[in-house]
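Peer 1: Quick one: structure below, then a few questions.
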Amino acid sequence: MKGSNLLRAPTSLSTSLPLYSPLKFVAPFRNPICFSHLILSSLKHHPIRISSLHATATQETVEVDETASQFVEIGYISSVHGLQGEVRVKPNTDFPELRFAEPGRRWLKRQILGREIIEEVELMEGRGHHGQKSWIIKINNIEKVEQAQQLVGSTILVLDEDRPELEEGDFYARDLVGMRVTLQETGEPVGTVVNVFDNGGSDLLQVKLNSSLDIIDKNGKMKSEAPLVWVPFVEAIVPHVDMIKREMTITPPKGLLELNVRSDERSKKERRQLEWKDRKKFQKRVIAAKKKLCEMEQKHVFEGFRYGEKSQGSLLAEQIVGVNSQLLQVALKTIETPSDRWHFSEFLAAYNKETTRHVFKVSKGCLVSEDKEYTSSKITERRKALISNGKVANILVVEGKTSESEGTDRFIQRLVEMESHGTTPLILVCPINKMETFQNLMTDNDYFGFDPEKVWILEEEKLPVVSSSHGKHKILMKSPWEILQTPVGSGGVISLLSSHNSLESLATMGVEYIEISSVDQRYIGGEDLVGLVDSSEADVGIKTFGGINDVDDIFNMVFSIKYITQLTKNINKLLFDAVLRPNQHVEMVDKEWVDITPSTHNSYEFCSSIYTCLKGCSFDKVCVMEVVD
């Protein structure tokens, strides 16, 4: 898939981090392979920020390997600054003034002739870089640019004993690793903390269970080896941490420990072989994606591989694989050959003028009434028959600008209103930062009666932001390891379906129609649009509301699976608008990463409306349901 992420129900989920219904924790769902690397190296390479039991946290990266366990990472040297030997530092600490403004001893960890060494240096002075999240520092005896360049990529360390004292309830990640875990209610030993994963929300403890525990996996089999489970580090589940005794007590919800347990009974050798194959597959995808970008003259995207830690390079690789280069090339043509914007309102006007098929009208009052059948008996009967027999799939699209509470309420209302949950496949498209929320919402509510095997959650389609000058286009970078991207809009649903095997899966299930709609209150009430499409022998059905035509975040359409399959095979005909906007980004200038803050519009964002797929569609294959006052 494109950089989009596919979440299935826990029974079929294959990511490294298990999901469990009673809890609401934040955990990024990225490419499963890259995600595994991030977890395994989180303590060693990443800033680890432990959310305290009182919702405060302190970020300070901790080295855990034996040779450097006495040090703490506080940042890395990203580039040279000026001509006097100064360097620019990207901090990984919540105490930048203490670490970079106060002179004194520091240590640098860097690679020399293939060996990793740690050497002591003297920090002379430092200052925050105005308007940028970086610091400029001066190190003793580094007077020339050539000397400073030798330090780029080095990690800056301080002694572990120099860590600032934390407030009560705050903890460093390293102090939690190795702690015993016991059940608060009985005092029974549970296991030992072996890792901590920080995702910016509620942090996760990875606990290795005691082999003496009788743990039964979800297949009903007794575990013969000590498994690893994830425990959210929140006060409700981890009420007490004793730093002196090196022990914490937990109150896990029923089923938490069992639901986390690996059900894969393959041997360790077999699992390693599969992991190796997965890594090789991902590497091939990275190579193929890099080749595509090279063909598009976007080699600058690879600059980040020369800097930072291994995990940051993995993030960049994941970003590169995530670029839908085919869709991007289609969108770039909008800059090269601008055309008049296509308007859905113009399509409707032409439809009303030229078609022999009348617009089917229904009042809002009838639409929301539970007591009235507002359409003909033929349409209603067809709707009920199609839905009850699993012939209709629903795709709900959540806009990123919708607030979390508002989007959740509308989503729940839509699900409750739907008919025949047990037979209806459901696909939810939403921003990546809302995927966990909706996944947890589904599992917490027993999937609202839907079959978990027929529920998918996809990340919305995004495209890189690009600058354009003299016919040359350049992808902008949010950081050395992140591509600046923005959502495509509702038209991205078509390319999402082409990037997955979703349509093939739905066709195998016997689905004949797909309803695609935004999660919006206006659409509550009835699903007769699909009945109208089927009765009219149309390929496309459109529901309009009181003259609301060109608003991209409000839509309700039904497609025959045959027609939408044709659309996914002709992605190059998808229409885009190139919107010129100011976008802050980073660039490599004279071997130095520089933050660019534009004062004028400097780049293009691409958007596409699902309505544009109607361009060129025969009016005889379209039917319209208009909701009137």
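Chain identifiers are assigned as A, B, and so on, following the order in which chains appear in the structure tokens; residues are numbered from 1 within each chain, and ligands are numbered from 1 in order of appearance.
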Give me, as JSON, numbers by chain, the residues of region 315-557 of chain A that a backbone DSSP run labels strand (DSSP E or B).

Peer 2: {"A": [360, 361, 362, 363, 392, 393, 394, 395, 396, 397, 426, 427, 428, 429, 430, 455, 456, 457, 458, 459, 462, 463, 464, 466, 467, 468, 469, 472, 473, 474, 475, 477, 478, 479, 482, 483, 485, 486, 487, 513, 514, 515, 516, 517, 518, 540, 541, 542, 543, 544, 545, 548, 556, 557]}

Peer 1: Find the spatial neighbours of Gly422 (chain A), counting only C-alpha atoms, within a cut-off of 7 Å - ignore same-chain residues fewer than 5 positions away - and output them as a PyMOL selection string.

Peer 2: chain A and resi 449-451

Peer 1: Write the residues of the preceding selection, restricted to C-alpha atoms, as a CSV table (one decimal), in the first residue's frame.

Peer 2:
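As a result, out.csv now contains:
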```
chain,number,residue,atom,x,y,z
A,449,GLY,CA,-22.2,-5.5,15.8
A,450,PHE,CA,-20.0,-5.5,12.7
A,451,ASP,CA,-18.0,-8.6,11.9
```

Peer 1: Expressed in Å to a single decimal, how great is the separation between CA of Glu512 (chain A) and CA of Ile412 (chain A)?

Peer 2: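 Separating CA of Glu512 (chain A) from CA of Ile412 (chain A) is a distance of 24.9 Å.
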
Peer 1: Check the smallest atom-to-atom distance from each of A:Cys617, A:Val234, A:Leu166, A:Ile542 to Gln566 (chain A) using only C-alpha atoms, then report the winner.

Peer 2: A:Cys617

Peer 1: Skipping near chain neighbours, those fewer than 4 positions away, what residues fall within 9 Å of Glu461 (chain A) using only C-alpha atoms, listed as an mmCIF file with N, CA and C atoms, in the first residue's frame?

Peer 2:
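What ended up in out-v5.cif:
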```cif
data_model
loop_
_atom_site.group_PDB
_atom_site.id
_atom_site.type_symbol
_atom_site.label_atom_id
_atom_site.label_comp_id
_atom_site.auth_asym_id
_atom_site.auth_seq_id
_atom_site.Cartn_x
_atom_site.Cartn_y
_atom_site.Cartn_z
ATOM 1 N N LYS A 2 0.264 2.253 -0.267
ATOM 2 C CA LYS A 2 0.988 3.473 -0.539
ATOM 3 C C LYS A 2 1.672 4.004 0.681
ATOM 4 N N GLY A 3 1.481 4.471 1.633
ATOM 5 C CA GLY A 3 2.056 4.893 2.890
ATOM 6 C C GLY A 3 0.927 4.856 3.782
ATOM 7 N N SER A 4 -0.219 4.404 3.251
ATOM 8 C CA SER A 4 -1.382 4.294 4.074
ATOM 9 C C SER A 4 -1.239 3.062 4.917
ATOM 10 N N ASN A 324 3.249 7.881 -2.936
ATOM 11 C CA ASN A 324 2.534 7.331 -4.094
ATOM 12 C C ASN A 324 3.035 8.081 -5.324
ATOM 13 N N VAL A 429 -11.775 5.557 6.661
ATOM 14 C CA VAL A 429 -10.609 6.300 6.180
ATOM 15 C C VAL A 429 -10.453 7.531 7.056
ATOM 16 N N CYS A 430 -9.281 7.680 7.666
ATOM 17 C CA CYS A 430 -9.084 8.799 8.591
ATOM 18 C C CYS A 430 -7.610 9.177 8.668
ATOM 19 N N PRO A 431 -7.290 10.346 9.261
ATOM 20 C CA PRO A 431 -5.880 10.724 9.441
ATOM 21 C C PRO A 431 -5.182 9.746 10.366
ATOM 22 N N THR A 486 0.500 16.540 2.701
ATOM 23 C CA THR A 486 -0.836 17.004 3.078
ATOM 24 C C THR A 486 -1.886 16.045 2.511
ATOM 25 N N PRO A 487 -3.059 15.968 3.151
ATOM 26 C CA PRO A 487 -4.116 15.067 2.669
ATOM 27 C C PRO A 487 -4.603 15.462 1.277
ATOM 28 N N VAL A 488 -4.950 14.472 0.482
ATOM 29 C CA VAL A 488 -5.427 14.699 -0.878
ATOM 30 C C VAL A 488 -6.887 15.135 -0.893
ATOM 31 N N GLY A 489 -7.674 14.650 0.062
ATOM 32 C CA GLY A 489 -9.105 14.928 0.058
ATOM 33 C C GLY A 489 -9.897 13.693 -0.324
ATOM 34 N N SER A 490 -11.187 13.866 -0.566
ATOM 35 C CA SER A 490 -12.065 12.714 -0.802
ATOM 36 C C SER A 490 -11.689 11.932 -2.053
ATOM 37 N N GLY A 491 -11.095 12.598 -3.050
ATOM 38 C CA GLY A 491 -10.675 11.879 -4.248
ATOM 39 C C GLY A 491 -9.606 10.846 -3.955
ATOM 40 N N GLY A 492 -8.903 11.011 -2.838
ATOM 41 C CA GLY A 492 -7.866 10.058 -2.461
ATOM 42 C C GLY A 492 -8.409 8.684 -2.118
ATOM 43 N N VAL A 493 -9.715 8.592 -1.830
ATOM 44 C CA VAL A 493 -10.300 7.285 -1.521
ATOM 45 C C VAL A 493 -10.158 6.348 -2.715
ATOM 46 N N SER A 495 -7.771 6.297 -5.021
ATOM 47 C CA SER A 495 -6.401 5.778 -5.124
ATOM 48 C C SER A 495 -6.081 4.838 -3.971
ATOM 49 N N LEU A 496 -6.676 5.068 -2.783
ATOM 50 C CA LEU A 496 -6.474 4.147 -1.661
ATOM 51 C C LEU A 496 -6.963 2.748 -2.026
#
```

Peer 1: Residues within 8 Å of Val121 (chain A), please, as a list in words. Count only C-alpha atoms; anything in the same chain fewer than 4 positions from it doesn't count.

Peer 2: Arg105, Arg106, Trp107, Leu108, Ile139 and Asn140 of chain A

Peer 1: Tell me which protein, DNA and RNA residues are within 9 Å of region 77-84 of chain A, counting only C-alpha atoms, leaving out same-chain ones fewer than 2 positions away, and put them as a PyMOL selection string.

Peer 2: chain A and resi 75+86-91+136-138+142-145+148-149+151-156+307-308+591-594

Peer 1: Those selected residues, please, written with C-alpha atoms and delivered as a PDB file, in the first residue's frame.

Peer 2:
```
ATOM      1  CA  GLY A  75      20.989  15.824  21.127  1.00  0.00           C
ATOM      2  CA  GLU A  86      30.335  26.502  15.477  1.00  0.00           C
ATOM      3  CA  VAL A  87      27.860  23.647  15.021  1.00  0.00           C
ATOM      4  CA  ARG A  88      24.093  23.389  15.068  1.00  0.00           C
ATOM      5  CA  VAL A  89      22.470  20.943  17.470  1.00  0.00           C
ATOM      6  CA  LYS A  90      19.036  19.337  17.380  1.00  0.00           C
ATOM      7  CA  PRO A  91      18.131  18.764  21.051  1.00  0.00           C
ATOM      8  CA  ILE A 136      24.266  26.845  18.124  1.00  0.00           C
ATOM      9  CA  ILE A 137      27.210  25.749  20.269  1.00  0.00           C
ATOM     10  CA  LYS A 138      30.945  26.318  20.367  1.00  0.00           C
ATOM     11  CA  ILE A 142      37.114  23.583  17.082  1.00  0.00           C
ATOM     12  CA  GLU A 143      37.996  26.751  15.176  1.00  0.00           C
ATOM     13  CA  LYS A 144      37.531  25.903  11.501  1.00  0.00           C
ATOM     14  CA  VAL A 145      34.717  24.728   9.291  1.00  0.00           C
ATOM     15  CA  ALA A 148      33.347  21.232  12.642  1.00  0.00           C
ATOM     16  CA  GLN A 149      32.312  19.135   9.644  1.00  0.00           C
ATOM     17  CA  LEU A 151      31.552  16.356  14.116  1.00  0.00           C
ATOM     18  CA  VAL A 152      28.337  16.379  12.063  1.00  0.00           C
ATOM     19  CA  GLY A 153      26.231  13.350  12.964  1.00  0.00           C
ATOM     20  CA  SER A 154      27.809  12.976  16.416  1.00  0.00           C
ATOM     21  CA  THR A 155      25.582  12.395  19.425  1.00  0.00           C
ATOM     22  CA  ILE A 156      26.088  14.696  22.414  1.00  0.00           C
ATOM     23  CA  TYR A 307      22.690  12.031   9.253  1.00  0.00           C
ATOM     24  CA  GLY A 308      21.089  11.054  12.535  1.00  0.00           C
ATOM     25  CA  LYS A 591      26.092  20.806   3.498  1.00  0.00           C
ATOM     26  CA  GLU A 592      24.001  22.300   6.288  1.00  0.00           C
ATOM     27  CA  TRP A 593      20.353  21.747   7.158  1.00  0.00           C
ATOM     28  CA  VAL A 594      18.562  25.082   7.165  1.00  0.00           C
TER      29      VAL A 594
END
```

Peer 1: Compare A:Gly531, A:Pro232, A:Pro96, A:Gly304 by their minimum atom-to-atom distance to Arg383 (chain A), counting only C-alpha atoms, and give me the closest one.

Peer 2: A:Gly531
